[in-house]
file final34.tsv (TSV, C-alpha atoms)
chain	number	residue	atom	x	y	z
A	1	MET	CA	47.51	115.09	127.43
A	2	SER	CA	46.64	111.42	127.27
A	3	ALA	CA	44.17	109.08	125.59
A	4	THR	CA	43.65	105.59	126.95
A	5	VAL	CA	41.41	102.74	125.80
A	6	ARG	CA	40.32	99.58	127.56
A	7	ILE	CA	38.15	96.79	126.17
A	8	ILE	CA	36.59	94.94	129.09
A	9	ASP	CA	34.98	91.51	129.09
A	10	GLY	CA	31.47	91.93	130.50
A	11	ALA	CA	30.08	94.89	132.39
A	12	ILE	CA	32.10	97.93	133.42
A	13	GLY	CA	32.52	98.53	137.15
A	14	ASP	CA	32.16	101.62	139.28
A	15	PRO	CA	34.13	104.69	138.19
A	16	ALA	CA	37.35	105.62	139.94
A	17	PRO	CA	37.32	108.80	142.04
A	18	VAL	CA	38.18	111.95	140.12
A	19	LEU	CA	41.52	113.27	141.36
A	20	SER	CA	43.16	116.50	140.31
A	21	PRO	CA	45.95	117.09	142.85
A	22	ALA	CA	47.76	119.54	140.62
A	23	ALA	CA	44.53	121.27	139.53
A	24	GLN	CA	45.27	120.38	135.93
A	25	PHE	CA	41.63	120.43	134.95
A	26	GLY	CA	38.46	122.19	136.05
A	27	ALA	CA	35.96	119.91	134.37
A	28	ALA	CA	35.66	116.14	134.70
A	29	ILE	CA	32.85	114.37	132.87
A	30	VAL	CA	32.19	110.67	133.37
A	31	PHE	CA	29.61	109.43	130.90
A	32	ASP	CA	28.26	105.92	131.45
A	33	GLY	CA	26.29	104.05	128.82
A	34	VAL	CA	23.81	101.67	130.48
A	35	VAL	CA	21.96	98.77	128.87
A	36	ARG	CA	18.26	99.68	128.66
A	37	SER	CA	15.53	97.13	129.22
A	38	ASP	CA	13.94	97.92	125.87
A	39	GLU	CA	15.55	97.52	122.47
A	40	GLY	CA	13.56	97.97	119.29
A	41	GLY	CA	10.28	97.89	121.17
A	42	ARG	CA	10.98	94.57	122.88
A	43	THR	CA	12.05	93.80	126.41
A	44	ILE	CA	15.56	92.39	126.56
A	45	ARG	CA	17.66	90.78	129.24
A	46	ALA	CA	21.09	91.81	127.93
A	47	LEU	CA	23.16	93.10	125.06
A	48	ALA	CA	26.03	91.13	123.58
A	49	TYR	CA	28.87	93.23	122.17
A	50	GLU	CA	31.12	92.04	119.37
A	51	VAL	CA	34.40	93.96	119.06
A	52	TYR	CA	36.69	93.63	116.04
A	53	GLU	CA	40.18	93.90	117.46
A	54	PRO	CA	42.69	95.46	117.23
A	55	MET	CA	40.88	97.79	114.83
A	56	ALA	CA	38.30	98.90	117.41
A	57	SER	CA	40.92	99.80	120.05
A	58	ASN	CA	43.09	101.53	117.47
A	59	MET	CA	40.16	103.61	116.21
A	60	LEU	CA	39.01	104.52	119.72
A	61	ALA	CA	42.55	105.64	120.59
A	62	GLU	CA	42.85	107.64	117.38
A	63	LEU	CA	39.48	109.26	117.98
A	64	GLY	CA	40.53	110.07	121.53
A	65	ARG	CA	43.73	111.71	120.31
A	66	GLU	CA	41.72	113.70	117.79
A	67	MET	CA	39.38	114.94	120.55
A	68	LEU	CA	42.38	115.86	122.72
A	69	ALA	CA	43.81	118.04	119.99
A	70	LYS	CA	40.57	119.50	118.65
A	71	HIS	CA	39.03	120.41	122.00
A	72	GLY	CA	42.22	121.03	123.97
A	73	LEU	CA	41.45	118.32	126.53
A	74	VAL	CA	43.73	117.30	129.37
A	75	ALA	CA	42.84	113.60	129.19
A	76	ILE	CA	40.32	111.20	127.70
A	77	MET	CA	39.69	107.62	128.81
A	78	VAL	CA	37.49	105.13	126.96
A	79	GLU	CA	36.19	101.84	128.28
A	80	HIS	CA	33.92	99.56	126.26
A	81	SER	CA	32.47	96.17	127.04
A	82	ARG	CA	32.89	93.02	124.99
A	83	GLY	CA	30.52	90.09	125.39
A	84	GLU	CA	27.34	89.99	127.40
A	85	VAL	CA	26.15	92.93	129.56
A	86	LEU	CA	22.90	92.62	131.50
A	87	VAL	CA	20.14	95.22	131.59
A	88	GLY	CA	21.05	97.95	134.06
A	89	GLN	CA	24.78	97.33	133.80
A	90	ARG	CA	27.28	99.68	132.19
A	91	SER	CA	28.68	98.84	128.77
A	92	PHE	CA	30.54	102.04	127.95
A	93	ARG	CA	32.33	104.77	129.87
A	94	LEU	CA	33.88	107.92	128.53
A	95	THR	CA	35.86	110.06	130.97
A	96	VAL	CA	36.97	113.49	129.82
A	97	HIS	CA	39.12	115.98	131.70
A	98	ALA	CA	39.40	119.56	130.45
A	99	LEU	CA	40.19	123.00	131.73
A	100	HIS	CA	36.57	124.10	131.27
A	101	ARG	CA	33.17	122.46	130.87
A	102	ALA	CA	32.41	123.72	127.35
A	103	GLU	CA	35.18	121.78	125.65
A	104	ALA	CA	34.57	118.73	127.83
A	105	LEU	CA	30.87	118.61	126.95
A	106	ALA	CA	31.57	119.14	123.26
A	107	ALA	CA	34.15	116.37	123.20
A	108	VAL	CA	31.83	113.88	124.87
A	109	GLY	CA	29.06	114.43	122.33
A	110	GLU	CA	31.34	114.33	119.32
A	111	PHE	CA	33.25	111.28	120.50
A	112	ILE	CA	30.11	109.22	121.04
A	113	ASP	CA	28.58	110.24	117.71
A	114	ARG	CA	31.73	109.27	115.85
A	115	MET	CA	32.15	106.02	117.76
A	116	LYS	CA	28.61	104.90	116.94
A	117	ARG	CA	29.16	105.72	113.28
A	118	ASP	CA	32.64	104.35	112.62
A	119	VAL	CA	34.14	102.06	115.26
A	120	PRO	CA	33.76	98.31	114.56
A	121	ILE	CA	31.61	97.35	117.53
A	122	TRP	CA	28.28	95.58	117.12
A	123	LYS	CA	25.58	94.83	119.64
A	124	THR	CA	22.97	92.11	119.66
A	125	ALA	CA	19.88	92.18	121.86
A	126	LEU	CA	19.37	89.02	123.89
A	127	HIS	CA	15.78	88.12	124.77
A	128	ASP	CA	14.27	85.67	127.18
A	129	SER	CA	11.56	84.66	124.76
A	130	PRO	CA	11.14	84.58	120.97
A	131	PRO	CA	9.38	87.52	119.27
A	132	VAL	CA	5.60	87.41	118.99
A	133	PRO	CA	4.52	87.25	115.31
A	134	SER	CA	2.66	90.39	114.23
B	1	MET	CA	42.71	85.32	94.69
B	2	VAL	CA	40.17	84.12	97.20
B	3	PHE	CA	39.46	86.26	100.26
B	4	ARG	CA	37.19	85.54	103.18
B	5	VAL	CA	35.47	88.81	104.03
B	6	LEU	CA	34.67	88.92	107.73
B	7	ILE	CA	31.16	90.06	108.62
B	8	PHE	CA	29.61	90.86	111.98
B	9	GLY	CA	26.47	91.76	113.86
B	10	SER	CA	23.06	91.73	112.22
B	11	LEU	CA	24.53	91.01	108.79
B	12	ALA	CA	26.25	87.87	110.05
B	13	ARG	CA	23.01	86.73	111.65
B	14	GLU	CA	21.01	87.47	108.51
B	15	LEU	CA	23.40	85.51	106.30
B	16	SER	CA	24.05	82.83	108.95
B	17	CYS	CA	27.83	83.01	108.55
B	18	ALA	CA	30.84	84.87	109.90
B	19	SER	CA	32.60	85.39	106.58
B	20	ILE	CA	31.93	85.43	102.85
B	21	ALA	CA	34.37	83.94	100.36
B	22	VAL	CA	34.94	85.98	97.21
B	23	ASP	CA	37.11	85.12	94.22
B	24	VAL	CA	38.68	88.14	92.51
B	25	PRO	CA	41.48	88.60	89.94
B	26	ASP	CA	45.09	88.72	91.15
B	27	ASN	CA	45.32	92.48	90.63
B	28	ALA	CA	42.01	93.16	92.38
B	29	SER	CA	41.28	96.26	94.41
B	30	VAL	CA	38.97	96.93	97.35
B	31	ARG	CA	36.31	98.00	94.84
B	32	ASP	CA	36.46	94.58	93.17
B	33	VAL	CA	35.66	92.91	96.48
B	34	ASN	CA	32.65	95.20	96.93
B	35	GLU	CA	31.49	94.26	93.46
B	36	ALA	CA	32.02	90.53	94.04
B	37	LEU	CA	29.90	90.74	97.17
B	38	ALA	CA	27.18	92.62	95.30
B	39	VAL	CA	27.10	89.99	92.57
B	40	ARG	CA	26.96	87.19	95.09
B	41	TYR	CA	24.04	88.76	96.96
B	42	PRO	CA	22.01	90.58	94.28
B	43	HIS	CA	19.16	91.32	96.69
B	44	LYS	CA	21.64	93.36	98.76
B	45	SER	CA	23.78	94.66	95.90
B	46	THR	CA	23.34	98.35	96.76
B	47	PHE	CA	24.41	97.71	100.32
B	48	PHE	CA	27.48	95.69	99.36
B	49	ARG	CA	28.61	98.12	96.64
B	50	GLY	CA	28.63	100.95	99.19
B	51	ALA	CA	29.87	99.00	102.19
B	52	ARG	CA	33.05	100.08	103.96
B	53	LEU	CA	35.77	97.47	103.88
B	54	ALA	CA	38.77	97.42	106.20
B	55	VAL	CA	41.99	95.84	104.98
B	56	ASN	CA	44.35	94.64	107.68
B	57	HIS	CA	42.37	96.65	110.26
B	58	SER	CA	42.36	99.99	108.43
B	59	PHE	CA	39.89	101.60	106.07
B	60	ARG	CA	41.33	101.84	102.57
B	61	SER	CA	40.20	103.70	99.50
B	62	ALA	CA	38.40	101.72	96.83
B	63	ASP	CA	41.27	101.62	94.35
B	64	VAL	CA	43.88	100.23	96.74
B	65	PRO	CA	45.23	96.92	95.38
B	66	LEU	CA	44.94	93.80	97.49
B	67	ARG	CA	47.59	91.23	98.27
B	68	ALA	CA	47.21	87.56	99.04
B	69	GLY	CA	46.68	87.08	102.76
B	70	ASP	CA	45.10	90.48	103.40
B	71	GLU	CA	42.46	90.40	106.12
B	72	ILE	CA	39.28	92.04	104.87
B	73	ALA	CA	36.38	92.97	107.13
B	74	LEU	CA	33.08	94.60	106.32
B	75	ILE	CA	32.50	97.46	108.76
B	76	GLU	CA	28.86	98.50	108.52
B	77	LEU	CA	25.82	98.67	110.80
B	78	VAL	CA	28.06	99.31	113.80
B	79	GLY	CA	26.57	100.39	117.11
B	80	GLY	CA	28.91	100.71	120.02
B	81	GLY	CA	28.00	102.37	123.28

call {"tool": "encode", "arguments": {"input": "final34.tsv", "output": "structure tokens"}}
result
Amino acid sequence: MSATVRIIDGAIGDPAPVLSPAAQFGAAIVFDGVVRSDEGGRTIRALAYEVYEPMASNMLAELGREMLAKHGLVAIMVEHSRGEVLVGQRSFRLTVHALHRAEALAAVGEFIDRMKRDVPIWKTALHDSPPVPS
Amino acid sequence: MVFRVLIFGSLARELSCASIAVDVPDNASVRDVNEALAVRYPHKSTFFRGARLAVNHSFRSADVPLRAGDEIALIELVGGG
């Protein structure tokens, strides 16, 4: 079992191929978070992520280890962007390997909920133009 | 003791700063820092009294005593992903 964390400057690239030469897992979920073009009802051009380190990495690793134990995962890998990520680019990737899909799906949902609630990462919407007064 | 409480995200933008200086007694606890923040910003006192503070990159309970040089950060309104 392993939990790995990477904080990446800018957008996250394409995922690596899923390999299971020893058939250690039967389920592999790769969840990508993508920057939407709309944030709070306004069109944006990018999100800027602020990451408080090393607390954020430590908490992501601890949360990953908790998911490994709770859901009996084989592996969990977390990647999160820092800095500016343009609309349409990936800012977050969670890869989960498990023996079966049920525990993999459960772990993905729980991990993301907990991350959004607790981990010290903030995002700011970047606009091309100032807001229109209402 | 004077601490500079680090703030981030929308709170930092709202207050136009990256940290807030608070002066607390030498035997102060995490709770005392919450209270000092609430007194300094009375219009946001409820928020600051309930805000989670990390000390040296870990969440600590409210009655944990502080030491000079501790790094304190306010961890609220997060939104990773």

call {"tool": "interface_residues", "arguments": {"input": "final34.tsv", "of": "chain B", "to": "chain A", "cutoff": "7 Å", "atoms": "all atoms listed in the file", "output": "PyMOL selection string"}}
result
chain B and resi 9+57-58+75+78-81

call {"tool": "atom_distance", "arguments": {"input": "final34.tsv", "atom1": "atom CA of B:Gly50", "atom2": "atom CA of B:Arg13"}}
result
19.7 Å

call {"tool": "atom_distance", "arguments": {"input": "final34.tsv", "atom1": "atom CA of A:Arg6", "atom2": "atom CA of A:Val74"}}
result
18.1 Å

call {"tool": "closest_residue", "arguments": {"input": "final34.tsv", "among": "B:Arg67, B:Lys44, B:Arg52, B:Arg60", "to": "B:Leu6", "atoms": "all atoms listed in the file"}}
result
B:Arg52

call {"tool": "residues_around", "arguments": {"input": "final34.tsv", "residues": "stretch 17-23 of chain B", "least_positions_apart": "2", "cutoff": "12 Å", "atoms": "all atoms listed in the file", "output": "count of residues only"}}
result
38

call {"tool": "atom_distance", "arguments": {"input": "final34.tsv", "atom1": "atom CA of A:Asp9", "atom2": "atom CA of B:Ala51"}}
result
28.4 Å

call {"tool": "closest_residue", "arguments": {"input": "final34.tsv", "among": "A:Gly41, A:Pro15, A:Gln24, A:Leu126", "to": "A:Leu86", "atoms": "all atoms listed in the file"}}
result
A:Leu126

call {"tool": "decode", "arguments": {"input": "final34.tsv", "residues": "stretch 39-75 of chain A", "atoms": "N, CA and C atoms", "output": "mmCIF file, in the first residue's frame"}}
result
data_model
loop_
_atom_site.group_PDB
_atom_site.id
_atom_site.type_symbol
_atom_site.label_atom_id
_atom_site.label_comp_id
_atom_site.auth_asym_id
_atom_site.auth_seq_id
_atom_site.Cartn_x
_atom_site.Cartn_y
_atom_site.Cartn_z
ATOM 1 N N GLU A 39 -17.342 30.659 -12.702
ATOM 2 C CA GLU A 39 -17.122 30.577 -11.255
ATOM 3 C C GLU A 39 -17.969 31.663 -10.610
ATOM 4 N N GLY A 40 -18.919 31.237 -9.796
ATOM 5 C CA GLY A 40 -19.778 32.213 -9.122
ATOM 6 C C GLY A 40 -20.625 33.023 -10.090
ATOM 7 N N GLY A 41 -20.992 32.420 -11.204
ATOM 8 C CA GLY A 41 -21.859 33.106 -12.155
ATOM 9 C C GLY A 41 -21.140 34.031 -13.111
ATOM 10 N N ARG A 42 -19.817 34.053 -13.045
ATOM 11 C CA ARG A 42 -19.037 34.919 -13.950
ATOM 12 C C ARG A 42 -18.066 34.067 -14.764
ATOM 13 N N THR A 43 -17.834 34.504 -15.977
ATOM 14 C CA THR A 43 -16.850 33.834 -16.819
ATOM 15 C C THR A 43 -15.452 34.161 -16.314
ATOM 16 N N ILE A 44 -14.628 33.144 -16.225
ATOM 17 C CA ILE A 44 -13.255 33.361 -15.763
ATOM 18 C C ILE A 44 -12.280 32.900 -16.838
ATOM 19 N N ARG A 45 -11.024 33.297 -16.668
ATOM 20 C CA ARG A 45 -9.999 32.801 -17.591
ATOM 21 C C ARG A 45 -9.108 31.776 -16.920
ATOM 22 N N ALA A 46 -9.069 31.790 -15.574
ATOM 23 C CA ALA A 46 -8.169 30.870 -14.862
ATOM 24 C C ALA A 46 -8.516 30.858 -13.384
ATOM 25 N N LEU A 47 -7.967 29.880 -12.683
ATOM 26 C CA LEU A 47 -7.975 29.872 -11.225
ATOM 27 C C LEU A 47 -6.532 29.942 -10.751
ATOM 28 N N ALA A 48 -6.315 30.679 -9.675
ATOM 29 C CA ALA A 48 -4.996 30.721 -9.054
ATOM 30 C C ALA A 48 -5.084 30.008 -7.717
ATOM 31 N N TYR A 49 -4.221 29.000 -7.524
ATOM 32 C CA TYR A 49 -4.249 28.198 -6.303
ATOM 33 C C TYR A 49 -3.117 28.625 -5.369
ATOM 34 N N GLU A 50 -3.488 28.800 -4.113
ATOM 35 C CA GLU A 50 -2.538 29.144 -3.062
ATOM 36 C C GLU A 50 -2.446 27.928 -2.137
ATOM 37 N N VAL A 51 -1.251 27.428 -1.921
ATOM 38 C CA VAL A 51 -1.052 26.191 -1.153
ATOM 39 C C VAL A 51 -0.147 26.500 0.036
ATOM 40 N N TYR A 52 -0.628 26.231 1.234
ATOM 41 C CA TYR A 52 0.164 26.484 2.441
ATOM 42 C C TYR A 52 0.985 25.226 2.741
ATOM 43 N N GLU A 53 2.256 25.318 2.449
ATOM 44 C CA GLU A 53 3.163 24.194 2.610
ATOM 45 C C GLU A 53 4.080 24.371 3.816
ATOM 46 N N PRO A 54 4.499 23.253 4.467
ATOM 47 C CA PRO A 54 4.251 21.861 4.087
ATOM 48 C C PRO A 54 2.947 21.287 4.637
ATOM 49 N N MET A 55 2.130 22.136 5.260
ATOM 50 C CA MET A 55 0.918 21.598 5.890
ATOM 51 C C MET A 55 0.003 20.914 4.879
ATOM 52 N N ALA A 56 -0.160 21.525 3.690
ATOM 53 C CA ALA A 56 -1.072 20.949 2.701
ATOM 54 C C ALA A 56 -0.597 19.553 2.276
ATOM 55 N N SER A 57 0.672 19.430 1.936
ATOM 56 C CA SER A 57 1.199 18.112 1.525
ATOM 57 C C SER A 57 1.090 17.096 2.654
ATOM 58 N N ASN A 58 1.402 17.535 3.864
ATOM 59 C CA ASN A 58 1.317 16.612 5.006
ATOM 60 C C ASN A 58 -0.119 16.125 5.210
ATOM 61 N N MET A 59 -1.077 17.048 5.078
ATOM 62 C CA MET A 59 -2.480 16.658 5.293
ATOM 63 C C MET A 59 -2.986 15.767 4.158
ATOM 64 N N LEU A 60 -2.573 16.062 2.932
ATOM 65 C CA LEU A 60 -2.985 15.209 1.809
ATOM 66 C C LEU A 60 -2.422 13.795 1.978
ATOM 67 N N ALA A 61 -1.160 13.699 2.419
ATOM 68 C CA ALA A 61 -0.552 12.384 2.633
ATOM 69 C C ALA A 61 -1.254 11.639 3.771
ATOM 70 N N GLU A 62 -1.553 12.348 4.839
ATOM 71 C CA GLU A 62 -2.238 11.722 5.967
ATOM 72 C C GLU A 62 -3.629 11.254 5.568
ATOM 73 N N LEU A 63 -4.329 12.085 4.807
ATOM 74 C CA LEU A 63 -5.659 11.704 4.327
ATOM 75 C C LEU A 63 -5.567 10.495 3.393
ATOM 76 N N GLY A 64 -4.545 10.474 2.563
ATOM 77 C CA GLY A 64 -4.338 9.329 1.685
ATOM 78 C C GLY A 64 -4.100 8.056 2.477
ATOM 79 N N ARG A 65 -3.261 8.148 3.501
ATOM 80 C CA ARG A 65 -3.002 6.961 4.338
ATOM 81 C C ARG A 65 -4.284 6.507 5.043
ATOM 82 N N GLU A 66 -5.089 7.472 5.464
ATOM 83 C CA GLU A 66 -6.353 7.113 6.121
ATOM 84 C C GLU A 66 -7.277 6.386 5.143
ATOM 85 N N MET A 67 -7.333 6.851 3.890
ATOM 86 C CA MET A 67 -8.170 6.190 2.890
ATOM 87 C C MET A 67 -7.646 4.789 2.566
ATOM 88 N N LEU A 68 -6.320 4.646 2.526
ATOM 89 C CA LEU A 68 -5.724 3.325 2.294
ATOM 90 C C LEU A 68 -6.205 2.330 3.337
ATOM 91 N N ALA A 69 -6.129 2.748 4.593
ATOM 92 C CA ALA A 69 -6.487 1.838 5.676
ATOM 93 C C ALA A 69 -7.991 1.609 5.741
ATOM 94 N N LYS A 70 -8.748 2.681 5.632
ATOM 95 C CA LYS A 70 -10.210 2.571 5.809
ATOM 96 C C LYS A 70 -10.854 1.753 4.697
ATOM 97 N N HIS A 71 -10.411 1.983 3.455
ATOM 98 C CA HIS A 71 -11.066 1.342 2.316
ATOM 99 C C HIS A 71 -10.263 0.159 1.766
ATOM 100 N N GLY A 72 -9.144 -0.142 2.385
ATOM 101 C CA GLY A 72 -8.357 -1.286 1.928
ATOM 102 C C GLY A 72 -7.802 -1.101 0.528
ATOM 103 N N LEU A 73 -7.332 0.104 0.223
ATOM 104 C CA LEU A 73 -6.821 0.389 -1.118
ATOM 105 C C LEU A 73 -5.445 -0.236 -1.319
ATOM 106 N N VAL A 74 -5.069 -0.336 -2.578
ATOM 107 C CA VAL A 74 -3.716 -0.788 -2.923
ATOM 108 C C VAL A 74 -2.777 0.421 -3.002
ATOM 109 N N ALA A 75 -3.275 1.508 -3.591
ATOM 110 C CA ALA A 75 -2.445 2.715 -3.716
ATOM 111 C C ALA A 75 -3.342 3.928 -3.922
#
